[in-house]
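Asks: Handing you this structure, nothing more for now.
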Amino acid sequence: MAKEGIHPEWYPEAKVICNGEVVMTVGSTQPELHVDVWSGNHPFYTGNQKIIDTEGRVDRFLRKYGMFDDRSSENQDNS
């Protein structure tokens with residue numbers, strides 16, 4: 001059994017708040033959790049993921065592992 005008086009209070013229906021809106025409830029030691037990102041607005045889960053190519057790193061990776069298609073890059077340059 002757990003000792004009395006040493007554990008934090010448990011909130012089984014703690015509110016998760018994102019952008020001022022309650023998005024879900026979870027169990028937590030805090031009554032409210034304020035978050036910037038959750039699965040409903042994270043690019044990975046929503047399908048709006050963008051690859052930010054800084055200094056050509058993505059192209060360099062694709063060339064290194066033989067996944068780079070030279071024809072597609074030529075078409076993009078002519079657009």
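Within each chain, counting starts at residue 1; across the structure tokens, chains are named A, B, ... in the order shown, with ligands numbered 1 upward in that order.
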Which residues come within 7 Å of Leu33 in chain A, counting only C-alpha atoms, excluding same-chain residues fewer than 5 positions away, as a PDB file with C-alpha atoms, in the first residue's frame?
Replies:
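Everything below was put into result-v4.pdb:
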ATOM      1  CA  LYS A  15      -8.261  19.245 -18.505  1.00  0.00           C
ATOM      2  CA  VAL A  16      -5.724  19.591 -21.331  1.00  0.00           C
ATOM      3  CA  ILE A  17      -6.037  23.120 -22.724  1.00  0.00           C
TER       4      ILE A  17
END
Asks: Just the number, please: distance in Å from CA of Ala14 in chain A to CA of Asn48 in chain A, one decimal.
Replies: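 Value for the CA of Ala14 in chain A-CA of Asn48 in chain A distance: 28.5 Å.
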Asks: Kindly give the distance, in Å, that separates CA of Asn19 in chain A and CA of Val37 in chain A, rounded to a single decimal.
Replies: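 Separating CA of Asn19 in chain A from CA of Val37 in chain A is a distance of 9.1 Å.
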Asks: Choose the residue, out of A:Val58, A:Ile6, A:Met67, A:Val35, that has the smallest atom-to-atom separation from Glu21 in chain A; count only C-alpha atoms.
Replies: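 Of A:Val58, A:Ile6, A:Met67, A:Val35, the one nearest Glu21 in chain A is A:Val35, counting only C-alpha atoms.
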